[in-house]
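As provided, structure.cif (mmCIF, C-alpha atoms) reads as follows.
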data_input
#
loop_
_atom_site.label_atom_id
_atom_site.label_comp_id
_atom_site.auth_asym_id
_atom_site.auth_seq_id
_atom_site.Cartn_x
_atom_site.Cartn_y
_atom_site.Cartn_z
CA SER A 40 -1.62 -23.98 13.33
CA GLN A 41 -1.38 -24.34 9.58
CA LYS A 42 1.03 -22.01 7.86
CA ILE A 43 2.42 -21.42 4.38
CA GLU A 44 5.54 -19.29 4.18
CA GLN A 45 7.03 -17.61 1.17
CA ASN A 46 9.84 -15.12 1.34
CA SER A 47 8.10 -11.80 1.86
CA GLU A 48 11.13 -9.87 0.72
CA ALA A 49 11.38 -9.17 -2.97
CA LEU A 50 13.93 -11.17 -4.93
CA ASN A 51 16.05 -9.15 -7.34
CA ILE A 52 18.18 -11.03 -9.86
CA GLN A 53 20.05 -10.29 -13.04
CA GLU A 54 18.71 -11.27 -16.44
CA GLY A 55 19.94 -14.70 -17.50
CA LYS A 56 20.37 -16.01 -13.96
CA THR A 57 18.23 -18.66 -12.29
CA ALA A 58 15.62 -17.44 -9.85
CA THR A 59 14.74 -19.76 -6.98
CA LEU A 60 11.65 -19.15 -4.87
CA THR A 61 10.79 -21.08 -1.73
CA CYS A 62 7.50 -22.26 -0.29
CA ASN A 63 7.52 -23.85 3.16
CA TYR A 64 4.48 -25.20 4.94
CA THR A 65 3.57 -26.60 8.34
CA ASN A 66 0.69 -28.74 9.53
CA TYR A 67 -0.49 -29.59 6.04
CA SER A 68 -0.43 -32.90 4.21
CA PRO A 69 -1.15 -31.72 0.68
CA ALA A 70 -1.84 -34.19 -2.09
CA TYR A 71 -0.53 -31.58 -4.52
CA LEU A 72 0.86 -28.08 -4.73
CA GLN A 73 0.38 -25.43 -7.40
CA TRP A 74 2.33 -22.34 -8.41
CA TYR A 75 0.70 -19.22 -9.81
CA ARG A 76 1.99 -15.97 -11.26
CA GLN A 77 0.30 -12.65 -10.50
CA ASP A 78 0.96 -9.38 -12.30
CA PRO A 79 -0.08 -6.03 -10.77
CA GLY A 80 -3.79 -5.37 -11.14
CA ARG A 81 -4.56 -8.84 -12.45
CA GLY A 82 -5.69 -12.20 -11.16
CA PRO A 83 -3.29 -15.07 -10.54
CA VAL A 84 -2.43 -17.29 -13.50
CA PHE A 85 -1.68 -20.99 -13.08
CA LEU A 86 1.82 -22.17 -13.93
CA LEU A 87 2.48 -25.69 -12.62
CA LEU A 88 1.00 -28.43 -10.46
CA ILE A 89 3.09 -31.09 -8.71
CA ARG A 90 1.69 -34.08 -6.84
CA GLU A 91 2.96 -35.51 -3.57
CA ASN A 92 4.45 -38.55 -5.32
CA GLU A 93 6.37 -36.39 -7.80
CA LYS A 94 9.78 -35.03 -6.88
CA GLU A 95 10.15 -32.65 -9.78
CA LYS A 96 8.13 -31.14 -12.61
CA ARG A 97 9.35 -29.08 -15.55
CA LYS A 98 7.70 -26.81 -18.08
CA GLU A 99 9.91 -24.89 -20.47
CA ARG A 100 12.14 -22.66 -18.29
CA LEU A 101 10.22 -23.51 -15.12
CA LYS A 102 11.03 -26.26 -12.65
CA VAL A 103 9.25 -27.14 -9.44
CA THR A 104 10.38 -29.55 -6.73
CA PHE A 105 8.27 -30.94 -3.91
CA ASP A 106 9.81 -32.45 -0.78
CA THR A 107 7.09 -33.75 1.54
CA THR A 108 9.67 -34.66 4.18
CA LEU A 109 11.08 -31.15 4.36
CA LYS A 110 7.59 -29.74 3.70
CA GLN A 111 9.00 -27.50 1.05
CA SER A 112 8.61 -26.66 -2.62
CA LEU A 113 11.18 -24.83 -4.70
CA PHE A 114 10.26 -22.95 -7.86
CA HIS A 115 13.02 -22.24 -10.35
CA ILE A 116 13.04 -19.99 -13.40
CA THR A 117 16.11 -20.56 -15.54
CA ALA A 118 17.52 -17.99 -17.98
CA SER A 119 15.32 -15.36 -16.34
CA GLN A 120 14.03 -12.41 -18.34
CA PRO A 121 12.62 -9.02 -17.33
CA ALA A 122 9.22 -10.33 -18.47
CA ASP A 123 9.39 -12.87 -15.63
CA SER A 124 9.08 -10.02 -13.13
CA ALA A 125 5.89 -10.65 -11.15
CA THR A 126 4.66 -12.02 -7.84
CA TYR A 127 4.70 -15.81 -7.56
CA LEU A 128 2.25 -17.60 -5.29
CA CYS A 129 2.36 -21.16 -4.08
CA ALA A 130 -0.93 -22.85 -3.24
CA LEU A 131 -1.49 -26.02 -1.26
CA ASP A 132 -4.25 -28.54 -1.50
CA ALA A 133 -6.30 -27.86 1.62
CA THR A 134 -9.12 -30.20 0.75
CA THR A 135 -10.63 -32.27 3.50
CA GLY A 136 -13.44 -33.92 1.61
CA GLY A 137 -13.04 -33.76 -2.12
CA GLY A 138 -12.95 -30.76 -4.40
CA ASN A 139 -10.11 -28.40 -5.12
CA LYS A 140 -9.75 -26.12 -2.14
CA LEU A 141 -6.49 -24.21 -2.20
CA THR A 142 -4.71 -22.23 0.48
CA PHE A 143 -2.32 -19.63 -0.93
CA GLY A 144 0.94 -18.30 0.39
CA THR A 145 1.42 -14.52 0.47
CA GLY A 146 3.71 -14.63 -2.54
CA THR A 147 7.23 -13.56 -3.41
CA GLN A 148 7.85 -10.62 -5.71
CA LEU A 149 10.50 -11.30 -8.32
CA LYS A 150 12.24 -8.54 -10.21
CA VAL A 151 14.56 -9.44 -13.08
CA GLU A 152 16.93 -6.62 -13.97
CA LEU A 153 18.78 -6.01 -17.20
CA ASP B 218 -13.49 -18.21 -24.41
CA ALA B 219 -13.71 -14.85 -22.63
CA GLY B 220 -12.38 -16.21 -19.37
CA VAL B 221 -13.88 -15.50 -15.97
CA ILE B 222 -15.81 -12.24 -16.03
CA GLN B 223 -16.25 -10.07 -12.95
CA SER B 224 -18.19 -6.87 -12.46
CA PRO B 225 -17.80 -4.18 -11.46
CA ARG B 226 -14.02 -3.80 -11.78
CA HIS B 227 -13.99 -1.01 -9.22
CA GLU B 228 -16.49 -0.17 -6.52
CA VAL B 229 -16.35 2.72 -4.09
CA THR B 230 -19.05 2.86 -1.49
CA GLU B 231 -19.76 4.29 1.93
CA MET B 232 -19.82 2.36 5.14
CA GLY B 233 -23.17 0.75 5.77
CA GLN B 234 -24.12 0.38 2.13
CA GLU B 235 -24.84 -2.94 0.45
CA VAL B 236 -22.31 -4.14 -2.10
CA THR B 237 -22.91 -6.85 -4.71
CA LEU B 238 -20.08 -8.36 -6.71
CA ARG B 239 -20.80 -10.50 -9.75
CA CYS B 240 -19.03 -13.34 -11.47
CA LYS B 241 -19.53 -15.34 -14.65
CA PRO B 242 -17.35 -18.47 -14.67
CA ILE B 243 -15.88 -20.11 -17.74
CA SER B 244 -18.52 -22.09 -19.60
CA GLY B 245 -18.39 -25.78 -18.70
CA HIS B 246 -16.57 -25.29 -15.40
CA ASN B 247 -18.32 -26.84 -12.43
CA SER B 248 -16.47 -25.25 -9.50
CA LEU B 249 -16.46 -21.59 -8.54
CA PHE B 250 -14.39 -19.86 -5.89
CA TRP B 251 -14.54 -16.43 -4.25
CA TYR B 252 -11.28 -15.03 -2.84
CA ARG B 253 -10.31 -11.82 -1.09
CA GLN B 254 -6.81 -10.35 -1.38
CA THR B 255 -5.22 -7.76 0.90
CA MET B 256 -1.63 -6.79 1.53
CA MET B 257 -1.84 -7.95 5.11
CA ARG B 258 -3.55 -11.31 4.66
CA GLY B 259 -2.79 -12.25 1.08
CA LEU B 260 -5.25 -14.29 -0.96
CA GLU B 261 -7.93 -15.89 1.19
CA LEU B 262 -10.62 -18.31 0.09
CA LEU B 263 -14.05 -17.11 1.18
CA ILE B 264 -16.34 -19.76 -0.26
CA TYR B 265 -16.47 -22.29 -3.04
CA PHE B 266 -19.25 -23.98 -4.97
CA ASN B 267 -19.33 -27.27 -6.80
CA ASN B 268 -22.17 -27.82 -9.27
CA ASN B 269 -23.84 -24.66 -7.89
CA VAL B 270 -23.86 -26.01 -4.32
CA PRO B 271 -21.81 -24.29 -1.58
CA ILE B 272 -19.21 -26.81 -0.40
CA ASP B 273 -17.12 -24.81 2.04
CA ASP B 274 -17.95 -21.37 3.39
CA SER B 275 -15.62 -21.50 6.38
CA GLY B 276 -13.68 -18.53 5.03
CA MET B 277 -16.64 -16.17 4.99
CA PRO B 278 -15.69 -13.59 7.62
CA GLU B 279 -19.09 -13.05 9.18
CA ASP B 280 -22.82 -12.89 8.59
CA ARG B 281 -22.48 -9.67 6.66
CA PHE B 282 -21.10 -11.73 3.77
CA SER B 283 -23.27 -13.99 1.65
CA ALA B 284 -22.79 -15.75 -1.68
CA LYS B 285 -25.15 -17.37 -4.11
CA MET B 286 -24.88 -19.36 -7.28
CA PRO B 287 -28.37 -19.61 -8.80
CA ASN B 288 -27.10 -21.32 -11.96
CA ALA B 289 -23.92 -22.61 -13.55
CA SER B 290 -23.13 -19.31 -15.25
CA PHE B 291 -23.58 -16.74 -12.50
CA SER B 292 -22.59 -16.09 -8.91
CA THR B 293 -22.83 -13.13 -6.55
CA LEU B 294 -20.99 -12.12 -3.40
CA LYS B 295 -22.91 -9.67 -1.25
CA ILE B 296 -21.71 -7.59 1.69
CA GLN B 297 -24.39 -5.98 3.81
CA PRO B 298 -23.64 -3.71 5.58
CA SER B 299 -20.19 -2.92 4.26
CA GLU B 300 -17.38 -1.70 6.53
CA PRO B 301 -14.02 -0.02 5.78
CA ARG B 302 -12.16 -3.22 6.73
CA ASP B 303 -13.88 -4.98 3.82
CA SER B 304 -11.77 -2.91 1.42
CA ALA B 305 -9.81 -5.38 -0.70
CA VAL B 306 -9.62 -6.94 -4.13
CA TYR B 307 -12.17 -9.71 -4.56
CA PHE B 308 -11.41 -12.43 -7.09
CA CYS B 309 -13.66 -15.04 -8.58
CA ALA B 310 -12.11 -18.20 -10.03
CA SER B 311 -13.50 -21.28 -11.74
CA SER B 312 -12.24 -24.75 -12.55
CA LEU B 313 -13.38 -28.07 -13.96
CA GLU B 314 -13.32 -30.66 -11.20
CA SER B 315 -13.85 -34.38 -11.36
CA GLY B 316 -14.03 -34.82 -7.58
CA GLY B 317 -10.67 -36.56 -7.53
CA PRO B 318 -7.32 -36.61 -9.32
CA PRO B 319 -6.27 -35.07 -11.61
CA TYR B 320 -6.75 -31.77 -9.84
CA ASN B 321 -7.09 -28.89 -12.18
CA GLU B 322 -5.91 -25.33 -12.29
CA GLN B 323 -8.11 -22.50 -11.24
CA PHE B 324 -8.80 -19.69 -13.69
CA PHE B 325 -9.07 -16.30 -12.05
CA GLY B 326 -11.04 -13.27 -13.12
CA PRO B 327 -9.56 -9.75 -13.16
CA GLY B 328 -10.93 -8.96 -9.73
CA THR B 329 -13.11 -6.24 -8.23
CA ARG B 330 -11.31 -3.58 -6.24
CA LEU B 331 -13.64 -2.57 -3.41
CA THR B 332 -13.12 0.58 -1.37
CA VAL B 333 -15.42 1.22 1.57
CA LEU B 334 -15.16 4.76 2.91
#
Encoded form using structure tokens:
Amino acid sequence: SQKIEQNSEALNIQEGKTATLTCNYTNYSPAYLQWYRQDPGRGPVFLLLIRENEKEKRKERLKVTFDTTLKQSLFHITASQPADSATYLCALDATTGGGNKLTFGTGTQLKVEL
Amino acid sequence: DAGVIQSPRHEVTEMGQEVTLRCKPISGHNSLFWYRQTMMRGLELLIYFNNNVPIDDSGMPEDRFSAKMPNASFSTLKIQPSEPRDSAVYFCASSLESGGPPYNEQFFGPGTRLTVL
């Protein structure tokens, strides 16, 4: 069966360090993958999209990698700050006939401590 | 732009009652999505529309759930009759889709927290 796995345990790191979050999937062949941030009581907010033919994508302090052989995406936040504390969701393209259907992982909660 | 607008923000109802959730997508967006989020199951896609037409409703849990999009600026998700297990946060999202690459981000509303007693 299809599955998207993100570390369900919260990730606690110190301010200034690099946070690395993992998204593993099985029985999908996504054309792209997206990462979203969700704060408590709010809807998810889009951060980055990476396509299957892209190995890496960067945006300011964020970096995403996509390995279709390992079926894994890594999401990095460099020089982390307490304001980066949130839940981060990966979402896979689950489209079978056009459109933009996404299947979301359950998310990893990140807490950046002073 | 005001973003995706959802109403109500909170709804508390009793089992068996009808519940209607409302969504106004971002102007100009042609795709609309309804999601449900719970601690146990995470964020699940219920149904999505493209150009007001339902494209995929395979995530709708059962016949008690129905969704409509009568025009490009309004959609409803109805639960009738509601049950305690329907308690969750329901999100509406919209995006601008071309039907192929590049695939665009989805913009989420603030959600409706539904509690069925």
Please identify all polymer residues within 9 Å of segment 104-108 of chain A, counting only C-alpha atoms, omitting same-chain residues fewer than 2 positions from it, and present them as a list in words.
Ser68, Pro69, Tyr71, Leu72, Ile89, Arg90, Glu91, Asn92, Glu93, Lys94, Glu95, Lys96, Arg97, Lys102, Lys110, Gln111, Ser112, Leu113, Phe114 and His115 of chain A
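When you apply the PyMOL selection byres ((chain B) within 6 of (chain A)) to this structure, what comes back is Gly259, Gly316, Phe325, Gly326 and Pro327 of chain B.
Near (-11.9, -16.7, -18.8), the residues that fall inside 8 Å on the basis of only C-alpha atoms are Asp218, Ala219, Gly220, Val221, Ile222, Pro242, Ile243, Phe324, Phe325 and Gly326 of chain B.
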Restricting the output to C-alpha atoms, write the selected residues as a PDB file, keeping the file's coordinate frame.
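As a result, selection_16.pdb now contains:
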ATOM      1  CA  ASP B 218     -13.490 -18.210 -24.410  1.00  0.00           C
ATOM      2  CA  ALA B 219     -13.710 -14.850 -22.630  1.00  0.00           C
ATOM      3  CA  GLY B 220     -12.380 -16.210 -19.370  1.00  0.00           C
ATOM      4  CA  VAL B 221     -13.880 -15.500 -15.970  1.00  0.00           C
ATOM      5  CA  ILE B 222     -15.810 -12.240 -16.030  1.00  0.00           C
ATOM      6  CA  PRO B 242     -17.350 -18.470 -14.670  1.00  0.00           C
ATOM      7  CA  ILE B 243     -15.880 -20.110 -17.740  1.00  0.00           C
ATOM      8  CA  PHE B 324      -8.800 -19.690 -13.690  1.00  0.00           C
ATOM      9  CA  PHE B 325      -9.070 -16.300 -12.050  1.00  0.00           C
ATOM     10  CA  GLY B 326     -11.040 -13.270 -13.120  1.00  0.00           C
TER      11      GLY B 326
END
Once the PyMOL selection byres ((chain B and resi 284-290) around 10) is applied to the coordinates I shared, what remains selected? I want it as an MDAnalysis selection string.
chainID B and resid 237:249 251 263:271 274 277 282:283 291:296
So how many Å separate atom CA of Thr61 of chain A and atom CA of Leu101 of chain A, to one decimal?
13.6 Å
For atom CA of Gln148 of chain A and atom CA of Ala125 of chain A, determine how far apart the two atoms are, in Å to one decimal place.
5.8 Å
As a short mmCIF file (atom, residue, chain, number, x, y, z; two decimals), in the frame of the given file, could you write out segment 267-285 of chain B once it has been completed with N, CA, C and O atoms?
data_model
loop_
_atom_site.label_atom_id
_atom_site.label_comp_id
_atom_site.auth_asym_id
_atom_site.auth_seq_id
_atom_site.Cartn_x
_atom_site.Cartn_y
_atom_site.Cartn_z
N ASN B 267 -19.51 -26.20 -5.83
CA ASN B 267 -19.33 -27.27 -6.80
C ASN B 267 -20.70 -27.64 -7.34
O ASN B 267 -21.61 -27.94 -6.54
N ASN B 268 -20.85 -27.58 -8.65
CA ASN B 268 -22.17 -27.82 -9.27
C ASN B 268 -23.25 -26.96 -8.62
O ASN B 268 -24.35 -27.44 -8.30
N ASN B 269 -22.94 -25.70 -8.41
CA ASN B 269 -23.84 -24.66 -7.89
C ASN B 269 -24.15 -24.81 -6.41
O ASN B 269 -24.92 -24.01 -5.86
N VAL B 270 -23.58 -25.78 -5.73
CA VAL B 270 -23.86 -26.01 -4.32
C VAL B 270 -22.67 -25.53 -3.49
O VAL B 270 -21.53 -25.88 -3.79
N PRO B 271 -22.93 -24.73 -2.44
CA PRO B 271 -21.81 -24.29 -1.58
C PRO B 271 -21.21 -25.48 -0.85
O PRO B 271 -21.93 -26.21 -0.16
N ILE B 272 -19.90 -25.67 -1.01
CA ILE B 272 -19.21 -26.81 -0.40
C ILE B 272 -18.51 -26.41 0.90
O ILE B 272 -18.53 -27.15 1.88
N ASP B 273 -17.90 -25.25 0.89
CA ASP B 273 -17.12 -24.81 2.04
C ASP B 273 -17.21 -23.30 2.14
O ASP B 273 -16.73 -22.60 1.27
N ASP B 274 -17.85 -22.82 3.19
CA ASP B 274 -17.95 -21.37 3.39
C ASP B 274 -17.24 -20.96 4.68
O ASP B 274 -17.54 -19.91 5.25
N SER B 275 -16.31 -21.77 5.11
CA SER B 275 -15.62 -21.50 6.38
C SER B 275 -14.78 -20.24 6.33
O SER B 275 -14.42 -19.69 7.37
N GLY B 276 -14.47 -19.74 5.14
CA GLY B 276 -13.68 -18.53 5.03
C GLY B 276 -14.50 -17.25 5.01
O GLY B 276 -13.94 -16.16 5.06
N MET B 277 -15.80 -17.36 4.98
CA MET B 277 -16.64 -16.17 4.99
C MET B 277 -16.49 -15.50 6.36
O MET B 277 -16.76 -16.12 7.39
N PRO B 278 -16.08 -14.23 6.36
CA PRO B 278 -15.69 -13.59 7.62
C PRO B 278 -16.82 -13.51 8.64
O PRO B 278 -16.59 -13.71 9.82
N GLU B 279 -18.00 -13.20 8.23
CA GLU B 279 -19.09 -13.05 9.18
C GLU B 279 -20.41 -12.98 8.43
O GLU B 279 -20.44 -13.08 7.21
N ASP B 280 -21.48 -12.83 9.19
CA ASP B 280 -22.82 -12.89 8.59
C ASP B 280 -23.09 -11.77 7.60
O ASP B 280 -24.05 -11.82 6.85
N ARG B 281 -22.26 -10.77 7.60
CA ARG B 281 -22.48 -9.67 6.66
C ARG B 281 -22.19 -10.11 5.23
O ARG B 281 -22.60 -9.45 4.29
N PHE B 282 -21.46 -11.21 5.09
CA PHE B 282 -21.10 -11.73 3.77
C PHE B 282 -22.02 -12.89 3.40
O PHE B 282 -22.28 -13.78 4.22
N SER B 283 -22.48 -12.87 2.15
CA SER B 283 -23.27 -13.99 1.65
C SER B 283 -22.96 -14.19 0.18
O SER B 283 -22.61 -13.25 -0.52
N ALA B 284 -23.06 -15.43 -0.27
CA ALA B 284 -22.79 -15.75 -1.68
C ALA B 284 -23.85 -16.69 -2.20
O ALA B 284 -24.34 -17.55 -1.46
N LYS B 285 -24.16 -16.51 -3.47
CA LYS B 285 -25.15 -17.37 -4.11
C LYS B 285 -24.65 -17.78 -5.49
O LYS B 285 -23.85 -17.08 -6.11
#
